[in-house]
Amino acid sequence: MPKVVSRSAVSSSTDAQPTASSAAALRVYYCICGEFILVIDKSLASLPRRKTDNAIIIRSKDEVDAKARVFKLNAVAEDPILLERSGGHEKQYRFHCPRCSLKVGYQSSPPPVKAAPFLYILSGALTQMQGQVPTDAFDGENDT
């Protein structure tokens with residue numbers, strides 16, 4: 001049997017310009033229990049928030065004037081709930097952590113994820129540091 005030899009060379013340069021893929025770093029977010037929940041192309045802190053519940057808004061469908069975010073959600077869909085809001089009612093299709101069942105987000109259309117124009121991530125539900133509680137996890141806890 002002939003002997004197979006393969007050779008490969010790895011080269012890198014400190015003078016090389018960053019590529020588009022290396023500049024577009026993905027952010028990873030975890031549940032409080034440490035389970036991986038979300039990977040997204042932009043920091044959640046830089047995304048807009050919803051006025052009704054302070055949830056983070058992630059655009060999941062392209063529009064004429066705005067592009068959808070690139071993201072992957074690792075969460076389990078729940079049965080829908082109907083909430084009473086000041087202007088009427090709102091139906092939410094919620095998602096929870098597959099490990100600890102903590103509510104992490106919702107959308108306005110039935111699953112799958114990205115079926116609705118927006119995905120909303122609940123304030124304080126996710127952290128970038130695995131095993132650390134986010135700073136806004138208990139915001140509004142003592143509100144009456």
# chains A, B, ... in the order shown; residues from 1 in each chain; ligands from 1
>>> closest_atom_pairs(of="range 48-85 of chain A", to="range 91-107 of chain A", cutoff="9 Å", atoms="only C-alpha atoms", output="CSV")
residue,atom,partner,partner_atom,distance
A:Ala55,CA,A:Gly105,CA,8.1
A:Ile56,CA,A:Gly105,CA,8.9
A:Asn74,CA,A:Cys97,CA,7.6
A:Ala75,CA,A:Cys97,CA,5.2
A:Val76,CA,A:Phe95,CA,5.3
A:Ala77,CA,A:Phe95,CA,4.5
A:Glu78,CA,A:Arg94,CA,5.4
A:Asp79,CA,A:Tyr93,CA,6.5
A:Pro80,CA,A:Tyr93,CA,4.5
A:Ile81,CA,A:Gln92,CA,5.4
A:Leu82,CA,A:Lys91,CA,4.5
A:Leu83,CA,A:Lys91,CA,6.3
A:Glu84,CA,A:Lys91,CA,8.9
>>> closest_atom_pairs(of="range 96-132 of chain A", to="range 24-28 of chain A", cutoff="9 Å", atoms="only C-alpha atoms", output="CSV")
residue,atom,partner,partner_atom,distance
A:Thr127,CA,A:Val28,CA,8.5
A:Gln128,CA,A:Val28,CA,6.2
A:Met129,CA,A:Val28,CA,8.8
>>> write_last_selection(atoms="N, CA and C atoms", output="PDB file, in the first residue's frame")
ATOM      1  N   THR A 127     -28.110  37.046  28.745  1.00  0.00           N
ATOM      2  CA  THR A 127     -26.826  37.631  29.116  1.00  0.00           C
ATOM      3  C   THR A 127     -25.752  37.165  28.139  1.00  0.00           C
ATOM      4  N   GLN A 128     -24.717  37.983  27.953  1.00  0.00           N
ATOM      5  CA  GLN A 128     -23.607  37.589  27.090  1.00  0.00           C
ATOM      6  C   GLN A 128     -22.578  36.751  27.839  1.00  0.00           C
ATOM      7  N   MET A 129     -22.587  36.827  29.154  1.00  0.00           N
ATOM      8  CA  MET A 129     -21.647  36.056  29.973  1.00  0.00           C
ATOM      9  C   MET A 129     -22.371  34.847  30.537  1.00  0.00           C
TER      10      MET A 129
END
>>> select_by_dssp(residues="range 36-118 of chain A", states="strand (DSSP E or B)", output="VMD selection string")
chain A and resid 36 to 40 49 56 to 59 71 to 73 76 to 77 81 to 85 88 to 96 103 to 107 118
>>> atom_distance(atom1="CA of Ala66 in chain A", atom2="CA of Pro117 in chain A")
11.2 Å
>>> atom_distance(atom1="CA of Ile32 in chain A", atom2="CA of Asn54 in chain A")
18.5 Å
>>> residues_around(residues="Leu119 in chain A", least_positions_apart="3", cutoff="8 Å", atoms="only C-alpha atoms", output="list in words")
Ile57, Ile58, Arg59, Ser60, Gly105, Tyr106, Gln107, Ser108, Val113, Lys114 and Ala116 of chain A
>>> write_last_selection(atoms="all heavy atoms", output="tab-separated table (two decimals), in the first residue's frame")
chain	number	residue	atom	x	y	z
A	57	ILE	N	-36.42	44.69	20.34
A	57	ILE	CA	-37.06	44.41	19.06
A	57	ILE	C	-36.02	43.90	18.06
A	57	ILE	O	-35.04	44.59	17.79
A	57	ILE	CB	-37.74	45.66	18.48
A	57	ILE	CG1	-38.75	46.23	19.48
A	57	ILE	CG2	-38.39	45.35	17.14
A	57	ILE	CD1	-39.26	47.61	19.11
A	58	ILE	N	-36.25	42.70	17.54
A	58	ILE	CA	-35.39	42.14	16.50
A	58	ILE	C	-36.23	42.00	15.23
A	58	ILE	O	-37.22	41.26	15.22
A	58	ILE	CB	-34.82	40.76	16.90
A	58	ILE	CG1	-33.99	40.87	18.17
A	58	ILE	CG2	-34.01	40.17	15.76
A	58	ILE	CD1	-33.51	39.54	18.71
A	59	ARG	N	-35.85	42.72	14.18
A	59	ARG	CA	-36.57	42.62	12.90
A	59	ARG	C	-36.24	41.27	12.27
A	59	ARG	O	-35.08	40.94	12.06
A	59	ARG	CB	-36.17	43.76	11.97
A	59	ARG	CG	-36.89	43.73	10.64
A	59	ARG	CD	-36.51	44.89	9.75
A	59	ARG	NE	-36.94	46.16	10.30
A	59	ARG	CZ	-38.17	46.66	10.19
A	59	ARG	NH1	-39.09	45.98	9.55
A	59	ARG	NH2	-38.46	47.83	10.72
A	60	SER	N	-37.29	40.48	11.95
A	60	SER	CA	-37.05	39.15	11.39
A	60	SER	C	-37.45	39.03	9.93
A	60	SER	O	-37.23	37.98	9.32
A	60	SER	CB	-37.75	38.09	12.23
A	60	SER	OG	-39.10	38.39	12.40
A	105	GLY	N	-38.70	35.33	25.17
A	105	GLY	CA	-39.18	36.22	24.12
A	105	GLY	C	-40.54	35.81	23.59
A	105	GLY	O	-41.15	34.86	24.06
A	106	TYR	N	-41.00	36.57	22.58
A	106	TYR	CA	-42.29	36.29	21.97
A	106	TYR	C	-42.36	36.94	20.59
A	106	TYR	O	-41.54	37.77	20.23
A	106	TYR	CB	-43.44	36.79	22.85
A	106	TYR	CG	-43.45	38.28	23.10
A	106	TYR	CD1	-44.14	39.15	22.26
A	106	TYR	CD2	-42.75	38.83	24.17
A	106	TYR	CE1	-44.15	40.52	22.50
A	106	TYR	CE2	-42.75	40.19	24.41
A	106	TYR	CZ	-43.45	41.03	23.57
A	106	TYR	OH	-43.45	42.39	23.80
A	107	GLN	N	-43.36	36.52	19.82
A	107	GLN	CA	-43.67	37.15	18.54
A	107	GLN	C	-45.18	37.18	18.38
A	107	GLN	O	-45.91	36.58	19.17
A	107	GLN	CB	-42.98	36.42	17.38
A	107	GLN	CG	-43.43	35.01	17.15
A	107	GLN	CD	-42.63	34.31	16.06
A	107	GLN	OE1	-41.55	34.75	15.68
A	107	GLN	NE2	-43.14	33.22	15.55
A	108	SER	N	-45.66	37.89	17.36
A	108	SER	CA	-47.10	38.10	17.19
A	108	SER	C	-47.77	37.08	16.29
A	108	SER	O	-48.99	37.08	16.16
A	108	SER	CB	-47.36	39.51	16.65
A	108	SER	OG	-46.71	39.67	15.40
A	113	VAL	N	-40.08	30.48	14.46
A	113	VAL	CA	-39.42	31.76	14.66
A	113	VAL	C	-39.26	32.41	13.29
A	113	VAL	O	-39.06	31.72	12.30
A	113	VAL	CB	-38.04	31.56	15.33
A	113	VAL	CG1	-37.31	32.88	15.46
A	113	VAL	CG2	-38.20	30.90	16.68
A	114	LYS	N	-39.35	33.71	13.24
A	114	LYS	CA	-39.24	34.52	12.01
A	114	LYS	C	-40.50	34.48	11.17
A	114	LYS	O	-40.51	34.95	10.04
A	114	LYS	CB	-38.03	34.12	11.16
A	114	LYS	CG	-36.70	34.28	11.87
A	114	LYS	CD	-35.55	33.94	10.95
A	114	LYS	CE	-34.23	34.03	11.68
A	114	LYS	NZ	-33.09	33.74	10.83
A	116	ALA	N	-43.21	36.05	12.12
A	116	ALA	CA	-43.74	37.40	12.34
A	116	ALA	C	-42.69	38.41	11.88
A	116	ALA	O	-41.51	38.08	11.77
A	116	ALA	CB	-44.06	37.60	13.82
>>> residues_around(residues="range 131-141 of chain A", least_positions_apart="4", cutoff="7 Å", atoms="only C-alpha atoms", output="list in words")
Ile32, Cys33, Gly34, Ser123, Gly124, Ala125, Leu126 and Thr127 of chain A
